[in-house]
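What follows is the content of my_file04.tsv (TSV, N, CA and C atoms).
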```tsv
chain	number	residue	atom	x	y	z
A	130	MET	N	13.12	0.02	-24.30
A	130	MET	CA	12.04	0.20	-23.35
A	130	MET	C	12.32	-0.57	-22.06
A	131	GLN	N	12.85	-1.80	-22.22
A	131	GLN	CA	13.16	-2.60	-21.03
A	131	GLN	C	14.27	-1.97	-20.21
A	132	LYS	N	15.24	-1.37	-20.92
A	132	LYS	CA	16.35	-0.71	-20.21
A	132	LYS	C	15.83	0.46	-19.39
A	133	LEU	N	14.85	1.18	-19.94
A	133	LEU	CA	14.27	2.32	-19.24
A	133	LEU	C	13.51	1.85	-17.99
A	134	ALA	N	12.75	0.77	-18.14
A	134	ALA	CA	12.00	0.23	-17.00
A	134	ALA	C	12.95	-0.26	-15.92
A	135	PHE	N	14.05	-0.91	-16.34
A	135	PHE	CA	15.03	-1.40	-15.38
A	135	PHE	C	15.70	-0.23	-14.65
A	136	ALA	N	16.03	0.80	-15.39
A	136	ALA	CA	16.67	1.98	-14.78
A	136	ALA	C	15.72	2.65	-13.80
A	137	PHE	N	14.43	2.73	-14.18
A	137	PHE	CA	13.43	3.32	-13.28
A	137	PHE	C	13.31	2.50	-11.99
A	138	ALA	N	13.29	1.17	-12.13
A	138	ALA	CA	13.19	0.29	-10.96
A	138	ALA	C	14.43	0.43	-10.10
A	139	ALA	N	15.59	0.53	-10.72
A	139	ALA	CA	16.83	0.64	-9.97
A	139	ALA	C	16.87	1.93	-9.17
A	140	ILE	N	16.27	2.99	-9.69
A	140	ILE	CA	16.25	4.27	-8.98
A	140	ILE	C	15.13	4.31	-7.95
A	141	SER	N	13.96	3.76	-8.29
A	141	SER	CA	12.80	3.90	-7.41
A	141	SER	C	12.84	2.99	-6.19
A	142	LEU	N	13.40	1.79	-6.31
A	142	LEU	CA	13.43	0.89	-5.16
A	142	LEU	C	14.21	1.45	-3.98
A	143	PRO	N	15.43	1.95	-4.17
A	143	PRO	CA	16.12	2.56	-3.03
A	143	PRO	C	15.39	3.77	-2.47
A	144	LEU	N	14.73	4.52	-3.36
A	144	LEU	CA	13.99	5.68	-2.92
A	144	LEU	C	12.81	5.26	-2.03
A	145	LEU	N	12.09	4.21	-2.46
A	145	LEU	CA	10.99	3.69	-1.65
A	145	LEU	C	11.48	3.17	-0.30
A	146	ALA	N	12.61	2.49	-0.31
A	146	ALA	CA	13.17	1.98	0.94
A	146	ALA	C	13.54	3.14	1.86
A	147	THR	N	14.07	4.20	1.32
A	147	THR	CA	14.43	5.38	2.11
A	147	THR	C	13.18	6.03	2.69
A	148	LEU	N	12.11	6.12	1.88
A	148	LEU	CA	10.86	6.71	2.37
A	148	LEU	C	10.25	5.85	3.48
A	149	ALA	N	10.27	4.53	3.30
A	149	ALA	CA	9.75	3.65	4.34
A	149	ALA	C	10.56	3.78	5.61
A	150	SER	N	11.88	3.89	5.45
A	150	SER	CA	12.75	4.07	6.61
A	150	SER	C	12.45	5.38	7.31
A	151	ALA	N	12.19	6.42	6.54
A	151	ALA	CA	11.86	7.72	7.12
A	151	ALA	C	10.55	7.65	7.89
A	152	GLU	N	9.57	6.90	7.36
A	152	GLU	CA	8.31	6.74	8.10
A	152	GLU	C	8.54	6.05	9.43
A	153	GLU	N	9.41	5.01	9.44
A	153	GLU	CA	9.71	4.30	10.67
A	153	GLU	C	10.39	5.22	11.67
A	154	VAL	N	11.30	6.06	11.19
A	154	VAL	CA	12.00	6.99	12.07
A	154	VAL	C	11.00	7.96	12.68
A	155	GLU	N	10.05	8.43	11.87
A	155	GLU	CA	9.06	9.37	12.38
A	155	GLU	C	8.04	8.68	13.27
A	156	ARG	N	7.86	7.39	13.09
A	156	ARG	CA	6.86	6.66	13.89
A	156	ARG	C	7.30	6.58	15.35
A	157	TYR	N	8.59	6.41	15.57
A	157	TYR	CA	9.11	6.26	16.94
A	157	TYR	C	9.82	7.52	17.38
A	158	GLN	N	9.61	7.88	18.64
A	158	GLN	CA	10.32	9.01	19.23
A	158	GLN	C	11.12	8.48	20.41
A	159	LEU	N	12.39	8.84	20.46
A	159	LEU	CA	13.27	8.43	21.54
A	159	LEU	C	13.54	9.63	22.45
A	160	GLU	N	13.45	9.39	23.74
A	160	GLU	CA	13.78	10.43	24.73
A	160	GLU	C	14.85	9.84	25.65
A	161	LYS	N	15.93	10.59	25.84
A	161	LYS	CA	17.04	10.14	26.69
A	161	LYS	C	16.64	10.26	28.15
A	162	THR	N	16.95	9.24	28.93
A	162	THR	CA	16.76	9.26	30.38
A	162	THR	C	18.10	8.96	31.03
A	163	ASP	N	18.14	8.99	32.38
A	163	ASP	CA	19.41	8.70	33.06
A	163	ASP	C	19.78	7.22	32.96
A	164	ARG	N	18.84	6.34	32.65
A	164	ARG	CA	19.12	4.91	32.53
A	164	ARG	C	19.14	4.41	31.09
A	165	GLY	N	18.85	5.25	30.14
A	165	GLY	CA	18.83	4.82	28.73
A	165	GLY	C	17.88	5.70	27.94
A	166	TYR	N	16.88	5.07	27.31
A	166	TYR	CA	15.93	5.80	26.48
A	166	TYR	C	14.51	5.28	26.73
A	167	VAL	N	13.56	6.14	26.42
A	167	VAL	CA	12.16	5.74	26.37
A	167	VAL	C	11.74	5.90	24.92
A	168	ARG	N	11.20	4.81	24.35
A	168	ARG	CA	10.76	4.85	22.95
A	168	ARG	C	9.25	4.87	22.92
A	169	LEU	N	8.70	5.86	22.21
A	169	LEU	CA	7.25	6.00	22.06
A	169	LEU	C	6.89	5.65	20.62
A	170	ASP	N	5.97	4.72	20.47
A	170	ASP	CA	5.44	4.38	19.16
A	170	ASP	C	4.28	5.35	18.92
A	171	THR	N	4.47	6.31	18.04
A	171	THR	CA	3.45	7.35	17.83
A	171	THR	C	2.21	6.80	17.14
A	172	ALA	N	2.31	5.62	16.52
A	172	ALA	CA	1.14	5.03	15.85
A	172	ALA	C	0.23	4.32	16.86
A	173	THR	N	0.82	3.65	17.85
A	173	THR	CA	0.00	2.87	18.80
A	173	THR	C	-0.01	3.45	20.21
A	174	GLY	N	0.96	4.30	20.52
A	174	GLY	CA	1.05	4.85	21.87
A	174	GLY	C	1.82	3.95	22.82
A	175	ALA	N	2.32	2.84	22.33
A	175	ALA	CA	3.07	1.91	23.18
A	175	ALA	C	4.42	2.51	23.55
A	176	MET	N	4.82	2.28	24.80
A	176	MET	CA	6.11	2.78	25.27
A	176	MET	C	7.02	1.61	25.61
A	177	SER	N	8.29	1.78	25.31
A	177	SER	CA	9.30	0.78	25.62
A	177	SER	C	10.47	1.45	26.29
A	178	LEU	N	11.12	0.70	27.18
A	178	LEU	CA	12.33	1.18	27.85
A	178	LEU	C	13.50	0.57	27.11
A	179	CYS	N	14.46	1.41	26.71
A	179	CYS	CA	15.57	0.95	25.89
A	179	CYS	C	16.89	1.28	26.57
A	180	GLU	N	17.88	0.42	26.32
A	180	GLU	CA	19.23	0.70	26.81
A	180	GLU	C	20.22	0.21	25.76
A	181	GLU	N	21.40	0.78	25.80
A	181	GLU	CA	22.43	0.41	24.83
A	181	GLU	C	23.22	-0.78	25.38
A	182	ARG	N	23.31	-1.82	24.53
A	182	ARG	CA	24.11	-3.00	24.85
A	182	ARG	C	24.90	-3.38	23.62
A	183	ASP	N	26.20	-3.48	23.76
A	183	ASP	CA	27.08	-3.85	22.64
A	183	ASP	C	26.80	-3.00	21.41
A	184	GLN	N	26.66	-1.74	21.60
A	184	GLN	CA	26.42	-0.76	20.55
A	184	GLN	C	25.10	-0.99	19.80
A	185	GLN	N	24.14	-1.62	20.48
A	185	GLN	CA	22.78	-1.80	19.93
A	185	GLN	C	21.78	-1.30	20.94
A	186	LEU	N	20.67	-0.82	20.44
A	186	LEU	CA	19.60	-0.35	21.30
A	186	LEU	C	18.65	-1.53	21.55
A	187	VAL	N	18.55	-1.96	22.81
A	187	VAL	CA	17.71	-3.09	23.18
A	187	VAL	C	16.52	-2.54	23.97
A	188	CYS	N	15.31	-2.85	23.48
A	188	CYS	CA	14.09	-2.31	24.09
A	188	CYS	C	13.22	-3.41	24.64
A	189	ARG	N	12.51	-3.11	25.73
A	189	ARG	CA	11.51	-4.01	26.31
A	189	ARG	C	10.29	-3.20	26.67
A	190	PRO	N	9.11	-3.83	26.68
A	190	PRO	CA	7.89	-3.07	26.97
A	190	PRO	C	7.95	-2.41	28.35
A	191	ALA	N	7.31	-1.27	28.45
A	191	ALA	CA	7.23	-0.57	29.73
A	191	ALA	C	6.39	-1.39	30.70
A	192	ALA	N	6.48	-1.09	31.99
A	192	ALA	CA	5.82	-1.87	33.04
A	192	ALA	C	4.31	-1.98	32.83
A	193	ASP	N	3.65	-0.89	32.43
A	193	ASP	CA	2.20	-0.92	32.21
A	193	ASP	C	1.83	-1.93	31.14
A	194	GLU	N	2.58	-1.91	30.05
A	194	GLU	CA	2.30	-2.84	28.96
A	194	GLU	C	2.64	-4.26	29.36
A	195	ARG	N	3.71	-4.41	30.12
A	195	ARG	CA	4.12	-5.74	30.57
A	195	ARG	C	3.01	-6.34	31.44
A	196	THR	N	2.41	-5.53	32.29
A	196	THR	CA	1.30	-6.00	33.13
A	196	THR	C	0.10	-6.37	32.26
A	197	ALA	N	-0.19	-5.56	31.27
A	197	ALA	CA	-1.31	-5.86	30.37
A	197	ALA	C	-1.05	-7.16	29.61
A	198	TYR	N	0.18	-7.34	29.12
A	198	TYR	CA	0.53	-8.58	28.42
A	198	TYR	C	0.40	-9.78	29.36
A	199	GLN	N	0.89	-9.62	30.59
A	199	GLN	CA	0.82	-10.72	31.55
A	199	GLN	C	-0.63	-11.06	31.89
A	200	ASP	N	-1.47	-10.03	32.04
A	200	ASP	CA	-2.89	-10.27	32.29
A	200	ASP	C	-3.53	-11.06	31.15
A	201	GLU	N	-3.20	-10.68	29.94
A	201	GLU	CA	-3.74	-11.38	28.76
A	201	GLU	C	-3.23	-12.82	28.72
A	202	ILE	N	-1.96	-13.01	29.02
A	202	ILE	CA	-1.39	-14.36	29.05
A	202	ILE	C	-2.09	-15.19	30.12
A	203	ASP	N	-2.31	-14.61	31.30
A	203	ASP	CA	-2.99	-15.34	32.37
A	203	ASP	C	-4.42	-15.71	31.97
A	204	SER	N	-5.11	-14.79	31.33
A	204	SER	CA	-6.49	-15.04	30.88
A	204	SER	C	-6.52	-16.17	29.85
A	205	LEU	N	-5.61	-16.11	28.88
A	205	LEU	CA	-5.56	-17.15	27.86
A	205	LEU	C	-5.16	-18.50	28.46
A	206	SER	N	-4.26	-18.49	29.41
A	206	SER	CA	-3.85	-19.73	30.08
A	206	SER	C	-5.03	-20.35	30.81
A	207	SER	N	-5.81	-19.51	31.49
A	207	SER	CA	-6.98	-20.00	32.20
A	207	SER	C	-8.00	-20.61	31.24
A	208	SER	N	-8.23	-19.94	30.13
A	208	SER	CA	-9.15	-20.46	29.12
A	208	SER	C	-8.64	-21.78	28.55
A	209	LEU	N	-7.35	-21.86	28.32
A	209	LEU	CA	-6.76	-23.09	27.79
A	209	LEU	C	-6.92	-24.24	28.77
A	210	ARG	N	-6.69	-23.99	30.06
A	210	ARG	CA	-6.86	-25.05	31.07
A	210	ARG	C	-8.31	-25.53	31.11
A	211	ALA	N	-9.26	-24.59	31.03
A	211	ALA	CA	-10.68	-24.97	31.04
A	211	ALA	C	-11.03	-25.82	29.83
A	212	LEU	N	-10.51	-25.44	28.66
A	212	LEU	CA	-10.77	-26.22	27.45
A	212	LEU	C	-10.12	-27.61	27.53
A	213	GLU	N	-8.93	-27.68	28.08
A	213	GLU	CA	-8.26	-28.98	28.23
A	213	GLU	C	-9.05	-29.89	29.16
A	214	LYS	N	-9.60	-29.34	30.25
A	214	LYS	CA	-10.43	-30.14	31.16
A	214	LYS	C	-11.68	-30.65	30.46
A	215	ARG	N	-12.29	-29.78	29.67
A	215	ARG	CA	-13.51	-30.16	28.96
A	215	ARG	C	-13.22	-31.27	27.94
A	216	VAL	N	-12.13	-31.12	27.20
A	216	VAL	CA	-11.76	-32.15	26.22
A	216	VAL	C	-11.48	-33.48	26.94
A	217	ALA	N	-10.77	-33.43	28.06
A	217	ALA	CA	-10.48	-34.65	28.80
A	217	ALA	C	-11.77	-35.32	29.28
A	218	ALA	N	-12.72	-34.51	29.77
A	218	ALA	CA	-13.99	-35.07	30.23
A	218	ALA	C	-14.77	-35.69	29.07
A	219	LEU	N	-14.75	-35.04	27.92
A	219	LEU	CA	-15.45	-35.59	26.75
A	219	LEU	C	-14.80	-36.87	26.26
A	220	GLU	N	-13.48	-36.94	26.35
A	220	GLU	CA	-12.78	-38.15	25.92
A	220	GLU	C	-13.06	-39.32	26.86
A	221	LYS	N	-13.32	-39.05	28.15
A	221	LYS	CA	-13.60	-40.11	29.11
A	221	LYS	C	-15.06	-40.57	29.05
A	222	ALA	N	-15.94	-39.71	28.53
A	222	ALA	CA	-17.37	-40.04	28.49
A	222	ALA	C	-17.59	-41.23	27.56
A	223	PRO	N	-18.55	-42.08	27.91
A	223	PRO	CA	-18.81	-43.23	27.04
A	223	PRO	C	-19.32	-42.75	25.68
A	224	ALA	N	-18.88	-43.45	24.67
A	224	ALA	CA	-19.29	-43.09	23.31
A	224	ALA	C	-20.75	-43.46	23.11
A	225	THR	N	-21.49	-42.53	22.58
A	225	THR	CA	-22.90	-42.81	22.29
A	225	THR	C	-23.03	-43.18	20.83
A	226	THR	N	-23.94	-44.14	20.57
A	226	THR	CA	-24.12	-44.60	19.20
A	226	THR	C	-25.13	-43.75	18.46
A	227	GLY	N	-25.92	-42.99	19.20
A	227	GLY	CA	-26.96	-42.20	18.56
A	227	GLY	C	-28.23	-42.99	18.35
A	228	LEU	N	-28.22	-44.27	18.72
A	228	LEU	CA	-29.41	-45.11	18.57
A	228	LEU	C	-30.29	-44.98	19.81
A	229	PRO	N	-31.60	-45.15	19.65
A	229	PRO	CA	-32.49	-45.07	20.81
A	229	PRO	C	-32.30	-46.30	21.71
A	230	SER	N	-32.66	-46.12	22.97
A	230	SER	CA	-32.61	-47.25	23.90
A	230	SER	C	-33.73	-48.24	23.53
A	231	GLU	N	-33.71	-49.44	24.14
A	231	GLU	CA	-34.76	-50.44	23.89
A	231	GLU	C	-36.13	-49.89	24.25
A	232	GLU	N	-36.18	-49.18	25.36
A	232	GLU	CA	-37.46	-48.62	25.82
A	232	GLU	C	-38.00	-47.59	24.82
A	233	GLU	N	-37.12	-46.71	24.33
A	233	GLU	CA	-37.54	-45.72	23.35
A	233	GLU	C	-37.99	-46.38	22.05
A	234	PHE	N	-37.29	-47.44	21.65
A	234	PHE	CA	-37.65	-48.15	20.43
A	234	PHE	C	-39.02	-48.81	20.58
A	235	ASP	N	-39.24	-49.49	21.71
A	235	ASP	CA	-40.54	-50.14	21.94
A	235	ASP	C	-41.67	-49.13	21.95
A	236	ARG	N	-41.46	-47.99	22.57
A	236	ARG	CA	-42.49	-46.95	22.62
A	236	ARG	C	-42.80	-46.44	21.21
A	237	SER	N	-41.75	-46.20	20.41
A	237	SER	CA	-41.96	-45.74	19.03
A	237	SER	C	-42.69	-46.79	18.20
A	238	LEU	N	-42.32	-48.05	18.38
A	238	LEU	CA	-42.99	-49.14	17.66
A	238	LEU	C	-44.46	-49.21	18.03
A	239	SER	N	-44.78	-49.02	19.31
A	239	SER	CA	-46.16	-49.02	19.77
A	239	SER	C	-46.96	-47.91	19.09
A	240	TYR	N	-46.38	-46.72	18.98
A	240	TYR	CA	-47.05	-45.60	18.30
A	240	TYR	C	-47.34	-45.96	16.84
A	241	MET	N	-46.32	-46.54	16.17
A	241	MET	CA	-46.48	-46.88	14.77
A	241	MET	C	-47.56	-47.95	14.59
A	242	GLN	N	-47.60	-48.95	15.47
A	242	GLN	CA	-48.63	-50.00	15.38
A	242	GLN	C	-50.02	-49.41	15.54
A	243	ARG	N	-50.19	-48.54	16.51
A	243	ARG	CA	-51.51	-47.90	16.71
A	243	ARG	C	-51.91	-47.08	15.50
A	244	PHE	N	-50.94	-46.37	14.92
A	244	PHE	CA	-51.24	-45.56	13.74
A	244	PHE	C	-51.69	-46.45	12.58
A	245	PHE	N	-50.93	-47.51	12.29
A	245	PHE	CA	-51.27	-48.36	11.15
A	245	PHE	C	-52.56	-49.14	11.37
A	246	ARG	N	-52.85	-49.55	12.59
A	246	ARG	CA	-54.12	-50.23	12.87
A	246	ARG	C	-55.29	-49.28	12.60
A	247	GLY	N	-55.15	-48.05	13.08
A	247	GLY	CA	-56.19	-47.05	12.84
A	247	GLY	C	-56.34	-46.77	11.36
A	248	PHE	N	-55.23	-46.66	10.65
A	248	PHE	CA	-55.26	-46.39	9.23
A	248	PHE	C	-55.92	-47.55	8.47
A	249	MET	N	-55.55	-48.77	8.84
A	249	MET	CA	-56.15	-49.94	8.19
A	249	MET	C	-57.65	-50.02	8.47
A	250	ASP	N	-58.10	-49.67	9.67
A	250	ASP	CA	-59.53	-49.65	9.96
A	250	ASP	C	-60.24	-48.65	9.05
A	251	ILE	N	-59.63	-47.50	8.82
A	251	ILE	CA	-60.22	-46.49	7.93
A	251	ILE	C	-60.31	-47.05	6.51
A	252	VAL	N	-59.27	-47.74	6.03
A	252	VAL	CA	-59.26	-48.30	4.68
A	252	VAL	C	-60.33	-49.37	4.54
A	253	LYS	N	-60.45	-50.26	5.55
A	253	LYS	CA	-61.46	-51.32	5.50
A	253	LYS	C	-62.86	-50.73	5.45
A	254	GLU	N	-63.11	-49.72	6.25
A	254	GLU	CA	-64.42	-49.08	6.26
A	254	GLU	C	-64.70	-48.42	4.91
A	255	TYR	N	-63.70	-47.79	4.32
A	255	TYR	CA	-63.85	-47.16	3.01
A	255	TYR	C	-64.18	-48.22	1.96
A	256	ASP	N	-63.42	-49.34	1.99
A	256	ASP	CA	-63.68	-50.41	1.04
A	256	ASP	C	-65.10	-50.96	1.19
A	257	LYS	N	-65.54	-51.13	2.44
A	257	LYS	CA	-66.88	-51.66	2.70
A	257	LYS	C	-67.95	-50.72	2.16
A	258	ASP	N	-67.75	-49.42	2.36
A	258	ASP	CA	-68.70	-48.43	1.89
A	258	ASP	C	-68.71	-48.31	0.37
A	259	ASN	N	-67.62	-48.58	-0.28
A	259	ASN	CA	-67.50	-48.42	-1.72
A	259	ASN	C	-67.41	-49.75	-2.47
A	260	ALA	N	-67.86	-50.81	-1.87
A	260	ALA	CA	-67.83	-52.13	-2.52
A	260	ALA	C	-68.81	-52.13	-3.69
A	261	PRO	N	-68.51	-52.93	-4.76
A	261	PRO	CA	-69.44	-52.98	-5.89
A	261	PRO	C	-70.81	-53.50	-5.45
A	262	GLY	N	-71.82	-52.91	-5.94
A	262	GLY	CA	-73.19	-53.28	-5.60
A	262	GLY	C	-73.72	-52.47	-4.42
A	263	GLN	N	-72.86	-51.68	-3.77
A	263	GLN	CA	-73.30	-50.84	-2.65
A	263	GLN	C	-73.85	-49.54	-3.21
A	264	LYS	N	-74.92	-49.08	-2.67
A	264	LYS	CA	-75.45	-47.78	-3.08
A	264	LYS	C	-75.11	-46.78	-2.02
A	265	THR	N	-74.64	-45.64	-2.46
A	265	THR	CA	-74.31	-44.59	-1.52
A	265	THR	C	-75.31	-43.50	-1.51
```
Using structure tokens, write down the structure from this file.
Amino acid sequence: MQKLAFAFAAISLPLLATLASAEEVERYQLEKTDRGYVRLDTATGAMSLCEERDQQLVCRPAADERTAYQDEIDSLSSSLRALEKRVAALEKAPATTGLPSEEEFDRSLSYMQRFFRGFMDIVKEYDKDNAPGQKT
């Protein structure tokens, strides 16, 4: 059984590689020009200009795509510079402890004192009204 599986794998792998290669060949279309070739990627629509060098086909993006790539690079570079400036500004800013200032603390303490004084007055009045021997 293992021999059969091995034989099947030995036959099917080259076949799959050939099919994948055929898909790649069909994906790209080459058209001869006076300066070389134009390669069209039928899956994405991207065009490349190709020329033969040392018996190899060397391709580079067409001018339209090159401009689009350069625009994207410029946009990303601009965003990166803005982020670097922001990080530098944040690094220079004084570190905050997250604690309130003295003034904020005093104001909060004043609120708490007023609350507890009022609460204690309510408790004292309740105790006075409910003291033993008092009739309600």
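Between atom C of Leu186 of chain A and atom CA of Asp163 of chain A there is a distance of 15.4 Å.
Picture a line from atom N of Arg189 of chain A to atom N of Gly165 of chain A; it runs 11.4 Å.
For the pair atom CA of Gln185 of chain A and atom CA of Thr171 of chain A, the separation is 21.5 Å.
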Within 7 Å of segment 190-202 of chain A using only C-alpha atoms, minus same-chain residues under 6 positions, as a short mmCIF file (atom, residue, chain, number, x, y, z; two decimals) with N, CA and C atoms, keeping the file's coordinate frame:
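To be explicit, this is the file written out as selection-v9.cif:
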```cif
data_model
loop_
_atom_site.label_atom_id
_atom_site.label_comp_id
_atom_site.auth_asym_id
_atom_site.auth_seq_id
_atom_site.Cartn_x
_atom_site.Cartn_y
_atom_site.Cartn_z
N MET A 176 4.82 2.28 24.80
CA MET A 176 6.11 2.78 25.27
C MET A 176 7.02 1.61 25.61
N SER A 177 8.29 1.78 25.31
CA SER A 177 9.30 0.78 25.62
C SER A 177 10.47 1.45 26.29
N LEU A 178 11.12 0.70 27.18
CA LEU A 178 12.33 1.18 27.85
C LEU A 178 13.50 0.57 27.11
#
```
Enclosing box along x, y and z for every listed atom of segment 239-258 of chain A, padded 6 Å each side, centre and size in Å, one decimal, as lines of an AutoDock Vina configuration file:
```
center_x = -56.7
center_y = -48.6
center_z = 10.1
size_x = 35.9
size_y = 18.1
size_z = 31.4
```
